[in-house]
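Novice: The file below is target_2.txt, compact mmCIF, C-alpha atoms and all ligand atoms:
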```txt
# COMPACT_ATOMS: atom_id res chain seq x y z
CA MET O 1 0.00 0.00 0.00
CA GLY O 2 2.81 2.39 0.90
CA ALA O 3 5.00 1.69 -2.12
CA ALA O 4 2.01 1.79 -4.48
CA THR O 5 0.69 5.05 -3.04
CA ALA O 6 4.17 6.59 -3.27
CA CYS O 7 4.38 5.44 -6.88
CA PHE O 8 1.09 7.05 -7.95
CA LEU O 9 1.77 10.27 -5.98
CA ALA O 10 5.16 10.69 -7.62
CA ARG O 11 4.43 9.28 -11.08
CA ASP O 12 0.99 10.77 -11.73
CA HIS O 13 0.96 13.91 -9.58
CA GLY O 14 4.62 14.92 -9.47
CA MET O 15 4.62 15.05 -5.67
CA ALA O 16 7.80 14.83 -3.57
CA VAL O 17 7.31 11.65 -1.54
CA THR O 18 9.26 10.08 1.32
CA VAL O 19 8.46 6.49 2.33
CA ILE O 20 9.57 5.68 5.88
CA GLU O 21 10.18 1.90 6.10
CA ARG O 22 11.63 0.30 9.22
CA ASP O 23 12.64 -2.95 7.50
CA PRO O 24 13.74 -2.69 3.85
CA SER O 25 14.09 -6.51 3.79
CA TYR O 26 10.26 -6.68 4.17
CA ARG O 27 10.86 -9.90 6.15
CA ARG O 28 7.60 -9.70 8.10
CA ALA O 29 5.62 -7.48 5.71
CA SER O 30 2.32 -9.02 4.63
CA SER O 31 3.11 -8.06 1.05
CA ALA O 32 6.17 -10.35 1.10
CA LEU O 33 4.23 -13.28 2.57
CA SER O 34 0.97 -13.10 0.66
CA ALA O 35 -0.74 -15.75 -1.45
CA SER O 36 -1.15 -12.90 -3.99
CA SER O 37 -4.36 -14.03 -5.62
CA ILE O 38 -7.00 -11.83 -7.20
CA ARG O 39 -10.73 -12.43 -7.45
CA GLN O 40 -13.91 -10.62 -8.39
CA GLN O 41 -16.09 -12.85 -6.24
CA PHE O 42 -16.85 -10.52 -3.34
CA SER O 43 -20.20 -9.67 -1.79
CA GLN O 44 -19.51 -5.91 -1.50
CA PRO O 45 -19.66 -3.88 -4.73
CA VAL O 46 -16.71 -1.70 -3.70
CA ASN O 47 -14.50 -4.79 -3.39
CA ILE O 48 -15.62 -6.04 -6.78
CA GLU O 49 -14.90 -2.66 -8.40
CA LEU O 50 -11.48 -2.27 -6.76
CA SER O 51 -10.38 -5.73 -7.85
CA GLN O 52 -11.70 -5.17 -11.38
CA TRP O 53 -9.70 -1.96 -11.69
CA SER O 54 -6.63 -3.62 -10.19
CA LEU O 55 -6.91 -6.53 -12.59
CA GLY O 56 -6.79 -4.13 -15.56
CA PHE O 57 -3.67 -2.55 -14.05
CA LEU O 58 -2.02 -5.94 -13.45
CA ARG O 59 -2.69 -6.98 -17.05
CA ARG O 60 -0.76 -3.95 -18.31
CA VAL O 61 1.74 -3.78 -15.43
CA GLY O 62 4.72 -4.13 -17.79
CA ASP O 63 3.88 -0.78 -19.39
CA GLU O 64 2.57 0.90 -16.23
CA LEU O 65 5.64 0.22 -14.10
CA ALA O 66 8.43 0.02 -16.68
CA VAL O 67 11.68 1.68 -15.61
CA ALA O 68 14.29 2.64 -18.20
CA GLY O 69 12.63 0.39 -20.75
CA GLN O 70 12.67 -2.63 -18.39
CA GLN O 71 9.20 -4.10 -17.93
CA PRO O 72 8.50 -5.88 -14.63
CA ALA O 73 7.10 -9.42 -14.88
CA ILE O 74 4.57 -10.47 -12.26
CA GLY O 75 3.44 -13.79 -13.78
CA LEU O 76 -0.29 -13.08 -13.71
CA VAL O 77 -2.38 -16.16 -14.55
CA GLU O 78 -6.18 -16.30 -14.60
CA PRO O 79 -7.52 -19.81 -13.87
CA GLY O 80 -10.34 -18.39 -11.71
CA TYR O 81 -11.67 -18.93 -8.20
CA LEU O 82 -14.06 -21.79 -7.47
CA TYR O 83 -16.36 -21.41 -4.46
CA LEU O 84 -17.96 -24.70 -3.40
CA ALA O 85 -21.18 -24.90 -1.39
CA THR O 86 -23.17 -27.62 0.31
CA THR O 87 -26.93 -27.06 0.66
CA ALA O 88 -26.15 -24.93 3.76
CA GLY O 89 -24.18 -22.43 1.69
CA GLU O 90 -26.26 -22.48 -1.49
CA ALA O 91 -28.45 -19.44 -0.75
CA ALA O 92 -25.44 -17.25 0.09
CA LEU O 93 -23.71 -18.32 -3.13
CA ARG O 94 -26.81 -17.40 -5.20
CA HIS O 95 -27.13 -14.05 -3.40
CA ASN O 96 -23.47 -13.17 -4.02
CA HIS O 97 -23.80 -14.34 -7.63
CA ALA O 98 -26.65 -11.89 -8.24
CA THR O 99 -24.55 -9.01 -6.83
CA GLN O 100 -21.53 -10.05 -8.89
CA ARG O 101 -23.49 -10.35 -12.15
CA ARG O 102 -24.99 -6.87 -11.57
CA HIS O 103 -21.40 -5.59 -11.46
CA GLY O 104 -20.33 -7.33 -14.64
CA VAL O 105 -18.35 -10.17 -13.06
CA ASP O 106 -17.73 -13.04 -15.47
CA VAL O 107 -18.90 -15.77 -13.10
CA ALA O 108 -21.06 -18.87 -13.52
CA LEU O 109 -23.06 -21.05 -11.13
CA LEU O 110 -22.49 -24.77 -11.69
CA THR O 111 -24.55 -27.68 -10.40
CA ALA O 112 -22.69 -30.62 -8.90
CA SER O 113 -22.97 -32.62 -12.12
CA ALA O 114 -21.81 -29.73 -14.33
CA LEU O 115 -18.95 -29.21 -11.90
CA HIS O 116 -17.93 -32.85 -12.10
CA GLN O 117 -17.96 -32.71 -15.89
CA ARG O 118 -15.71 -29.65 -15.89
CA PHE O 119 -13.33 -30.85 -13.16
CA PRO O 120 -13.41 -34.70 -13.13
CA TRP O 121 -10.68 -34.73 -10.45
CA LEU O 122 -12.99 -33.02 -7.94
CA ARG O 123 -15.31 -34.89 -5.57
CA CYS O 124 -18.77 -33.33 -5.97
CA ASP O 125 -21.30 -35.76 -4.47
CA ASP O 126 -21.64 -33.77 -1.23
CA LEU O 127 -21.93 -30.40 -3.01
CA ALA O 128 -25.06 -28.52 -4.03
CA LEU O 129 -23.63 -25.65 -6.06
CA ALA O 130 -20.42 -23.96 -7.10
CA SER O 131 -19.46 -20.53 -8.37
CA LEU O 132 -16.64 -20.34 -10.91
CA GLY O 133 -14.91 -17.20 -12.12
CA LEU O 134 -14.65 -17.61 -15.89
CA SER O 135 -12.16 -14.78 -16.41
CA GLY O 136 -10.46 -12.04 -14.45
CA GLU O 137 -9.43 -14.12 -11.44
CA GLY O 138 -6.16 -15.86 -10.62
CA TRP O 139 -2.81 -15.14 -9.02
CA PHE O 140 0.50 -13.38 -9.52
CA ASP O 141 3.89 -12.72 -7.92
CA GLY O 142 2.99 -10.28 -5.13
CA PRO O 143 6.52 -9.45 -3.92
CA ALA O 144 7.48 -8.74 -7.55
CA LEU O 145 4.55 -6.32 -7.81
CA MET O 146 5.60 -4.59 -4.57
CA GLN O 147 9.20 -4.22 -5.80
CA ALA O 148 7.96 -2.95 -9.16
CA PHE O 149 5.91 -0.24 -7.41
CA ARG O 150 8.95 0.61 -5.27
CA ARG O 151 11.28 0.87 -8.26
CA LYS O 152 8.81 2.95 -10.25
CA ALA O 153 8.23 5.24 -7.26
CA ILE O 154 12.00 5.81 -6.90
CA ASP O 155 12.34 6.33 -10.65
CA SER O 156 9.59 8.96 -10.39
CA GLY O 157 11.46 10.81 -7.63
CA ALA O 158 10.26 9.17 -4.39
CA ARG O 159 12.73 8.67 -1.55
CA PHE O 160 12.71 5.53 0.63
CA VAL O 161 14.34 5.98 4.04
CA ASN O 162 15.13 3.25 6.54
CA ALA O 163 13.61 4.42 9.84
CA GLN O 164 10.85 3.57 12.26
CA ALA O 165 8.03 6.10 12.50
CA LEU O 166 7.12 6.72 16.13
CA GLY O 167 4.93 9.82 16.28
CA PHE O 168 4.03 13.16 14.77
CA ASP O 169 4.44 16.90 15.21
CA VAL O 170 1.01 18.46 14.87
CA GLN O 171 -0.52 21.91 14.79
CA GLY O 172 -4.27 22.07 15.27
CA ALA O 173 -5.82 19.53 12.91
CA ARG O 174 -2.71 19.34 10.74
CA VAL O 175 0.22 16.95 10.89
CA ARG O 176 3.47 18.85 10.34
CA ALA O 177 6.08 16.10 10.51
CA VAL O 178 6.77 12.43 11.26
CA ARG O 179 9.14 11.69 14.16
CA CYS O 180 11.32 8.60 13.86
CA ALA O 181 13.01 6.34 16.41
CA ASP O 182 16.51 7.46 15.31
CA GLY O 183 15.65 11.07 16.14
CA SER O 184 15.11 12.13 12.54
CA VAL O 185 12.12 14.29 11.70
CA VAL O 186 10.48 14.19 8.27
CA ALA O 187 8.44 17.31 7.52
CA ALA O 188 5.33 16.69 5.45
CA ASP O 189 2.36 18.51 3.91
CA GLN O 190 0.37 15.27 3.95
CA VAL O 191 0.95 11.87 5.58
CA VAL O 192 -0.38 8.38 4.80
CA LEU O 193 -0.41 5.69 7.49
CA ALA O 194 0.27 2.47 5.57
CA ALA O 195 1.95 0.40 8.28
CA GLY O 196 -0.07 -2.75 7.63
CA ALA O 197 -0.66 -4.92 10.68
CA TRP O 198 1.24 -2.39 12.82
CA VAL O 199 -0.77 0.71 11.94
CA ALA O 200 -2.80 0.94 15.17
CA PRO O 201 -0.05 2.28 17.48
CA LEU O 202 0.82 4.95 14.90
CA ALA O 203 -2.81 6.02 14.51
CA ALA O 204 -3.10 6.13 18.30
CA GLN O 205 -0.44 8.88 18.24
CA LEU O 206 -3.05 10.91 16.37
CA GLN O 207 -5.80 9.88 18.81
CA VAL O 208 -7.46 7.72 16.15
CA HIS O 209 -8.43 4.16 17.06
CA LEU O 210 -7.91 1.86 14.07
CA PRO O 211 -9.09 -1.68 14.93
CA VAL O 212 -6.36 -3.40 12.91
CA ALA O 213 -4.48 -6.36 14.37
CA ALA O 214 -1.86 -8.87 13.20
CA ARG O 215 -3.59 -12.22 12.63
CA LYS O 216 -1.26 -15.05 11.59
CA ARG O 217 -2.20 -17.15 8.58
CA ASP O 218 -0.20 -20.30 7.69
CA VAL O 219 0.35 -21.33 4.07
CA PHE O 220 1.42 -24.91 3.28
CA VAL O 221 3.26 -25.94 0.11
CA PHE O 222 2.81 -29.53 -1.07
CA ASP O 223 3.61 -31.72 -4.04
CA SER O 224 1.26 -34.31 -5.50
CA PRO O 225 1.46 -36.66 -8.48
CA ALA O 226 -2.22 -35.79 -9.20
CA THR O 227 -2.85 -33.88 -12.43
CA LEU O 228 -5.61 -31.32 -11.95
CA ALA O 229 -6.42 -29.91 -15.39
CA GLY O 230 -7.49 -26.26 -15.26
CA CYS O 231 -7.27 -26.15 -11.46
CA PRO O 232 -8.59 -22.81 -10.13
CA LEU O 233 -8.20 -21.47 -6.58
CA VAL O 234 -10.68 -23.70 -4.78
CA ILE O 235 -12.53 -22.62 -1.62
CA ASP O 236 -14.00 -25.64 0.12
CA PRO O 237 -17.02 -25.48 2.48
CA SER O 238 -14.69 -26.82 5.23
CA GLY O 239 -12.71 -23.55 5.18
CA LEU O 240 -9.81 -25.10 3.26
CA TRP O 241 -8.47 -23.30 0.19
CA PHE O 242 -5.90 -24.58 -2.30
CA ARG O 243 -4.44 -23.66 -5.66
CA PRO O 244 -1.53 -24.60 -7.93
CA GLU O 245 1.76 -22.77 -7.37
CA GLY O 246 4.14 -23.59 -10.18
CA ARG O 247 4.47 -27.40 -10.20
CA SER O 248 3.37 -27.58 -6.54
CA PHE O 249 0.22 -26.54 -4.68
CA ILE O 250 -0.39 -24.20 -1.77
CA CYS O 251 -3.22 -24.38 0.73
CA GLY O 252 -4.45 -22.95 4.01
CA ALA O 253 -7.39 -22.53 6.35
CA PRO O 254 -8.27 -20.25 9.25
CA PRO O 255 -6.40 -21.12 12.48
CA ARG O 256 -7.90 -23.90 14.59
CA HIS O 257 -7.36 -22.47 18.04
CA GLY O 258 -8.70 -18.94 17.97
CA ASP O 259 -6.97 -15.92 16.51
CA PRO O 260 -4.59 -14.29 19.00
CA ASP O 261 -2.89 -11.03 18.07
CA GLU O 262 0.61 -11.25 16.54
CA PRO O 263 1.74 -14.80 17.39
CA ALA O 264 5.32 -15.54 16.24
CA LEU O 265 5.49 -16.12 12.48
CA ASP O 266 7.68 -19.21 12.89
CA ALA O 267 5.07 -20.93 15.11
CA ILE O 268 3.45 -22.71 12.15
CA ASP O 269 0.74 -25.20 13.07
CA LEU O 270 2.16 -28.19 11.16
CA ALA O 271 -0.28 -30.48 12.99
CA GLN O 272 -3.12 -28.54 11.33
CA PHE O 273 -1.88 -29.76 7.99
CA GLU O 274 -1.66 -33.41 9.12
CA GLU O 275 -4.87 -33.53 11.12
CA GLN O 276 -7.20 -31.15 9.27
CA LEU O 277 -5.98 -29.99 5.89
CA TRP O 278 -4.63 -33.22 4.41
CA PRO O 279 -7.86 -35.12 5.20
CA ALA O 280 -9.90 -32.24 3.74
CA LEU O 281 -7.68 -32.13 0.62
CA ALA O 282 -7.97 -35.89 0.11
CA HIS O 283 -11.72 -35.72 0.61
CA ARG O 284 -12.19 -33.04 -2.04
CA VAL O 285 -9.55 -34.33 -4.48
CA PRO O 286 -9.03 -38.09 -4.13
CA GLY O 287 -5.76 -37.69 -6.05
CA PHE O 288 -4.40 -35.71 -3.08
CA GLU O 289 -4.32 -38.83 -0.89
CA ALA O 290 -0.77 -39.10 -2.19
CA LEU O 291 0.94 -35.84 -1.40
CA ARG O 292 4.09 -34.60 0.28
CA LEU O 293 4.30 -31.49 2.43
CA ARG O 294 7.25 -29.54 1.09
CA SER O 295 7.39 -26.37 3.17
CA ALA O 296 5.25 -23.77 4.90
CA TRP O 297 5.31 -20.09 5.68
CA ALA O 298 3.19 -17.66 7.65
CA GLY O 299 2.34 -14.00 7.41
CA TYR O 300 0.00 -11.59 9.14
CA TYR O 301 -3.37 -10.59 7.80
CA GLU O 302 -3.70 -6.92 8.78
CA MET O 303 -7.13 -7.73 10.09
CA ASN O 304 -9.73 -5.01 10.46
CA THR O 305 -11.55 -6.60 13.39
CA PHE O 306 -14.50 -4.19 12.92
CA ASP O 307 -15.69 -5.47 9.53
CA HIS O 308 -12.85 -7.28 7.69
CA ASN O 309 -12.58 -4.63 4.99
CA GLY O 310 -9.98 -2.05 4.04
CA LEU O 311 -9.84 1.38 5.66
CA ALA O 312 -8.80 3.91 3.03
CA GLY O 313 -9.12 7.67 2.94
CA ALA O 314 -8.82 10.63 5.31
CA LEU O 315 -8.24 9.98 9.01
CA PRO O 316 -11.19 11.40 10.95
CA GLY O 317 -10.34 14.64 12.74
CA TRP O 318 -7.28 15.46 10.59
CA ASP O 319 -7.01 17.79 7.60
CA ASN O 320 -3.96 16.19 6.00
CA ALA O 321 -3.61 12.64 7.35
CA PHE O 322 -4.75 9.54 5.44
CA THR O 323 -4.56 5.81 5.73
CA ALA O 324 -4.71 2.65 3.63
CA CYS O 325 -4.81 -0.33 5.97
CA GLY O 326 -6.85 -3.22 7.34
CA PHE O 327 -7.44 -5.07 4.08
CA SER O 328 -7.82 -8.38 5.95
CA GLY O 329 -6.60 -10.79 3.29
CA HIS O 330 -7.42 -8.90 0.08
CA GLY O 331 -4.96 -6.02 0.18
CA MET O 332 -2.43 -7.30 -2.33
CA GLN O 333 -4.95 -7.43 -5.15
CA GLN O 334 -6.53 -4.09 -4.23
CA ALA O 335 -3.29 -2.14 -3.78
CA PRO O 336 -3.18 -0.77 -7.34
CA ALA O 337 -6.73 0.62 -7.29
CA VAL O 338 -6.67 1.81 -3.67
CA ALA O 339 -3.29 3.49 -4.02
CA CYS O 340 -4.22 5.19 -7.30
CA ALA O 341 -7.52 6.43 -5.85
CA LEU O 342 -5.87 7.61 -2.63
CA ALA O 343 -3.16 9.48 -4.53
CA GLY O 344 -5.89 11.16 -6.60
CA LEU O 345 -7.76 12.13 -3.43
CA MET O 346 -4.60 13.65 -1.94
CA ALA O 347 -3.81 15.52 -5.14
CA GLY O 348 -7.39 16.78 -5.45
CA ARG O 349 -7.85 15.09 -8.83
CA THR O 350 -10.37 12.37 -9.55
CA GLY O 351 -9.51 9.73 -12.11
CA ASP O 352 -11.18 6.56 -13.34
CA THR O 353 -10.65 4.59 -10.12
CA PRO O 354 -13.62 3.49 -8.01
CA SER O 355 -14.51 5.87 -5.17
CA LEU O 356 -12.91 5.04 -1.83
CA GLU O 357 -15.90 6.53 -0.01
CA PRO O 358 -17.32 3.13 1.12
CA LEU O 359 -13.92 2.33 2.71
CA SER O 360 -13.65 5.64 4.56
CA PRO O 361 -12.47 5.18 8.18
CA ARG O 362 -15.41 7.46 9.12
CA ARG O 363 -17.57 4.35 9.22
CA LEU O 364 -15.75 3.33 12.42
CA LEU O 365 -17.06 6.44 14.19
CA GLU O 366 -20.52 6.00 12.72
CA GLY O 367 -20.64 2.32 13.73
CA ARG O 368 -21.52 1.45 10.11
CA ALA O 369 -19.97 -1.92 9.30
CA LEU O 370 -19.23 -2.82 5.66
CA LEU O 371 -19.55 -6.55 6.02
CA GLU O 372 -17.88 -8.71 3.39
CA ARG O 373 -19.44 -12.18 3.32
CA ASN O 374 -16.70 -13.68 1.15
CA VAL O 375 -13.69 -13.62 3.48
CA ILE O 376 -11.00 -16.26 2.91
C1 LIG O 401 -0.71 -15.66 4.22
C2 LIG O 401 -1.35 -14.48 3.52
C3 LIG O 401 -2.07 -14.67 2.35
C4 LIG O 401 -2.64 -13.60 1.70
N1 LIG O 401 -3.29 -13.79 0.52
C5 LIG O 401 -3.76 -12.74 -0.17
C6 LIG O 401 -4.32 -12.93 -1.45
O1 LIG O 401 -4.39 -14.05 -1.96
N2 LIG O 401 -4.77 -11.84 -2.12
C7 LIG O 401 -4.69 -10.59 -1.57
O2 LIG O 401 -5.13 -9.63 -2.21
N3 LIG O 401 -4.16 -10.37 -0.36
C8 LIG O 401 -3.70 -11.43 0.36
N4 LIG O 401 -3.15 -11.23 1.58
C9 LIG O 401 -3.22 -9.89 2.19
C10 LIG O 401 -2.19 -8.96 1.63
O3 LIG O 401 -0.94 -9.59 1.58
C11 LIG O 401 -2.17 -7.71 2.50
O4 LIG O 401 -3.48 -7.17 2.55
C12 LIG O 401 -1.23 -6.63 1.95
O5 LIG O 401 0.01 -7.19 1.64
C13 LIG O 401 -1.09 -5.51 2.97
O6 LIG O 401 -0.16 -4.59 2.49
P1 LIG O 401 0.33 -3.38 3.42
O7 LIG O 401 1.22 -2.55 2.61
O8 LIG O 401 -0.86 -2.75 4.07
O9 LIG O 401 1.12 -4.10 4.63
P2 LIG O 401 2.62 -4.64 4.66
O10 LIG O 401 2.98 -5.33 3.40
O11 LIG O 401 2.76 -5.42 5.93
O12 LIG O 401 3.48 -3.34 4.74
C14 LIG O 401 3.53 -2.56 5.91
C15 LIG O 401 4.95 -2.04 6.05
O13 LIG O 401 4.98 -1.08 7.10
C16 LIG O 401 6.22 -1.21 7.77
N5 LIG O 401 6.05 -0.60 9.10
C17 LIG O 401 5.20 -0.99 10.08
N6 LIG O 401 5.28 -0.14 11.11
C18 LIG O 401 6.19 0.80 10.79
C19 LIG O 401 6.70 1.96 11.45
N7 LIG O 401 6.27 2.32 12.66
N8 LIG O 401 7.63 2.70 10.81
C20 LIG O 401 8.08 2.35 9.57
N9 LIG O 401 7.62 1.27 8.90
C21 LIG O 401 6.70 0.51 9.49
C22 LIG O 401 6.45 -2.71 7.80
O14 LIG O 401 7.83 -3.00 8.01
C23 LIG O 401 5.94 -3.14 6.44
O15 LIG O 401 6.97 -3.22 5.48
C24 LIG O 401 -2.54 -12.28 2.25
C25 LIG O 401 -1.82 -12.08 3.43
C26 LIG O 401 -1.21 -13.16 4.05
C27 LIG O 401 -0.42 -12.93 5.29
```
Transcribe the structure of this file into C-alpha cells.

Specialist:
Amino acid sequence: MGAATACFLARDHGMAVTVIERDPSYRRASSALSASSIRQQFSQPVNIELSQWSLGFLRRVGDELAVAGQQPAIGLVEPGYLYLATTAGEAALRHNHATQRRHGVDVALLTASALHQRFPWLRCDDLALASLGLSGEGWFDGPALMQAFRRKAIDSGARFVNAQALGFDVQGARVRAVRCADGSVVAADQVVLAAGAWVAPLAAQLQVHLPVAARKRDVFVFDSPATLAGCPLVIDPSGLWFRPEGRSFICGAPPRHGDPDEPALDAIDLAQFEEQLWPALAHRVPGFEALRLRSAWAGYYEMNTFDHNGLAGALPGWDNAFTACGFSGHGMQQAPAVACALAGLMAGRTGDTPSLEPLSPRRLLEGRALLERNVI
C-alpha cells in the first residue's frame, strides 16, 4: 500500500514523496508473505470494483511500471476462483452471484454434475452448487509487484528511508512532521499511514483508534502426483483453500485455536496440515491422498476486526492525514486501485478509479460496518 501510493503520488501527480520503512528486507511485511491471488467474487460492490480496476492494471503492469525500458514481470495467470457450497451455503452463493453479475463479473453457477464434468478430479457428491470465475481471477507474484511499485516510485522521484516512524508533530488539525526512532524528523504537507498490521499504534499517536491487528495465517506448500487440469483457486465449504503454485500446490485454512494477536510467524501449526488440511484435501480431491508437504510459511493478515474490509481515505479529525490499511486478506490485489484512488484524493484530482468513499475510516465512528461475506 505504501510503495504503491508513493508510486502514484510521484508518477501521476509529481509530488515529492518520502516512504519511511523500518525494515527494507520486508521480512515480516504481509506483502512479502501473501498468497497474492486476485478475485472478483466478493459480496460488497466496492471490493468487486477495486479488484476489477486492479486486474486491468495488473494486465498492463509491464507498461505501467516500466523503468528505463525494463518491464516488470509479475506472472499473472487467470484460472479463476471456485467457491464450493453444500446445501447450507447455497443461498449465500446465489445471493453473491446476483450481486456479482450486476457488477459485470464473469462468473457462472455450476450444479454438482456440471462441476464434475468440468473438473473430473474433484469430488462433488456432497456439493449442491459452485461458483466459478470464468475470467479475471487468478494469481501473480505479489513481492514482484511490490518491488515494481517501489522501483517505479523511486524512478519517479520518491525517496525511501530506513527508519521507524514513532509519532508526529502536529498543529491544530494538521500533521506537520513524522518523528522517527533514530531522532530524525520528516516534515510533510500530507501523511499516509500504511503500516499494515502495525498501523494501530501509529494512529493512536493521532488519537485515532484503528481496529487493525496482526492475525497469523499459515500457508502450506505440497507436491502431489495428481494432475488437476485447469485447477482454479478452490474454496472448500470446510474452510480449506488450495491452488496450484508452479508445479506444486499451496493451501491454508483459518487457524484452529482462535486468533490471537501477533503470534510468532515461525510458530506454524504443522499439525493442522496433518490432522485437518490433508484429510480435507484428500476428501475433495481423491488424487491428493498421495501428497508430500514440502514447506510452509506464515504472514499476518492486517485484520480489520471491525468489519474485515480495508480502511482507506482521510483519518477522521485530521485535515492532511490519510490511511490505507486493514485489508484483511485482500490487500495485495486491491493495492493498485486503492493506491491510485488515494493518490488522486490527496492531489485533489479524480480519475477513473472506483470511489474510496465506502472504505472511509469514518464508518468506524458511525458504527456502520461494511460486512464482506466472502472472506477467505
Ligand atoms: C498468508 C497471507 C495470504 C494472503 N493472501 C492474499 C491474497 O491471496 N490476495 C490478496 O489480495 N491479499 C492477500 N493477503 C493480504 C495482503 O498480503 C495484505 O493485505 C497486503 O500485503 C497488505 O499490504 P500493506 O502494505 O498494508 O502491509 P505490509 O505489506 O505489511 O506493509 C507494511 C509495512 O509497514 C512497515 N512498518 C510498520 N510499522 C512501521 C513503522 N512504525 N515505521 C516504519 N515502517 C513501518 C512494515 O515493516 C511493512 O513493510 C494475504 C496475506 C497473508 C499474510

Novice: Which protein, DNA or RNA residues have an atom within 6 Å of ligand LIG 401 (chain O), counting only C-alpha atoms and all ligand atoms, as a PyMOL selection string?

Specialist: chain O and resi 1-2+20-23+26+29-31+33-38+163-166+194-198+217-219+298-301+325+327-333

Novice: Nearest to Gln41 of chain O among O:Gly136, O:Gly56, O:Pro354, O:Pro260, with distances taken over all atoms listed in the file: which residue is it?

Specialist: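 Smallest separation from Gln41 of chain O among the options: O:Gly136.
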
Novice: Just to confirm, what's the straight-line distance from atom CA of Gln52 of chain O to atom CA of Pro211 of chain O in Å (one decimal)?

Specialist: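 If I compute the distance from atom CA of Gln52 of chain O to atom CA of Pro211 of chain O, I get 26.7 Å.
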
Novice: Could you please determine the separation between atom CA of Arg123 of chain O and atom CA of Ala282 of chain O in Å, to one decimal place?

Specialist: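 So the answer is 9.3 Å.
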
Novice: Considering all atoms listed in the file, state which residue in the set O:Ser248, O:Ser295, O:Ser51, O:Ser135 is at the smallest distance from Asp223 of chain O.

Specialist: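 Result for the nearest residue to Asp223 of chain O: O:Ser248.
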
Novice: List the spatial neighbours of Glu137 of chain O as a PyMOL selection string - criterion: any atom at most 9 Å away, all atoms listed in the file, same-chain residues fewer than 3 positions off excluded.

Specialist: chain O and resi 37-41+55+77-81+133-134+232-233

Novice: Based on the selection just made, write C-alpha atoms of those residues as an mmCIF file, keeping the file's coordinate frame.

Specialist:
```
data_model
loop_
_atom_site.group_PDB
_atom_site.id
_atom_site.type_symbol
_atom_site.label_atom_id
_atom_site.label_comp_id
_atom_site.auth_asym_id
_atom_site.auth_seq_id
_atom_site.Cartn_x
_atom_site.Cartn_y
_atom_site.Cartn_z
ATOM 1 C CA SER O 37 -4.360 -14.030 -5.620
ATOM 2 C CA ILE O 38 -7.000 -11.830 -7.200
ATOM 3 C CA ARG O 39 -10.730 -12.430 -7.450
ATOM 4 C CA GLN O 40 -13.910 -10.620 -8.390
ATOM 5 C CA GLN O 41 -16.090 -12.850 -6.240
ATOM 6 C CA LEU O 55 -6.910 -6.530 -12.590
ATOM 7 C CA VAL O 77 -2.380 -16.160 -14.550
ATOM 8 C CA GLU O 78 -6.180 -16.300 -14.600
ATOM 9 C CA PRO O 79 -7.520 -19.810 -13.870
ATOM 10 C CA GLY O 80 -10.340 -18.390 -11.710
ATOM 11 C CA TYR O 81 -11.670 -18.930 -8.200
ATOM 12 C CA GLY O 133 -14.910 -17.200 -12.120
ATOM 13 C CA LEU O 134 -14.650 -17.610 -15.890
ATOM 14 C CA PRO O 232 -8.590 -22.810 -10.130
ATOM 15 C CA LEU O 233 -8.200 -21.470 -6.580
#
```

Novice: Just to confirm, what's the straight-line distance from atom CA of Gln71 of chain O to atom CA of Leu9 of chain O in Å (one decimal)?

Specialist: 20.1 Å

Novice: Kindly indicate which residue among O:Ser156, O:Asn309, O:Asn47, O:Asn162 lies nearest to Arg11 of chain O, using only C-alpha atoms for the distances.

Specialist: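 For Arg11 of chain O, the nearest of the given residues is O:Ser156.
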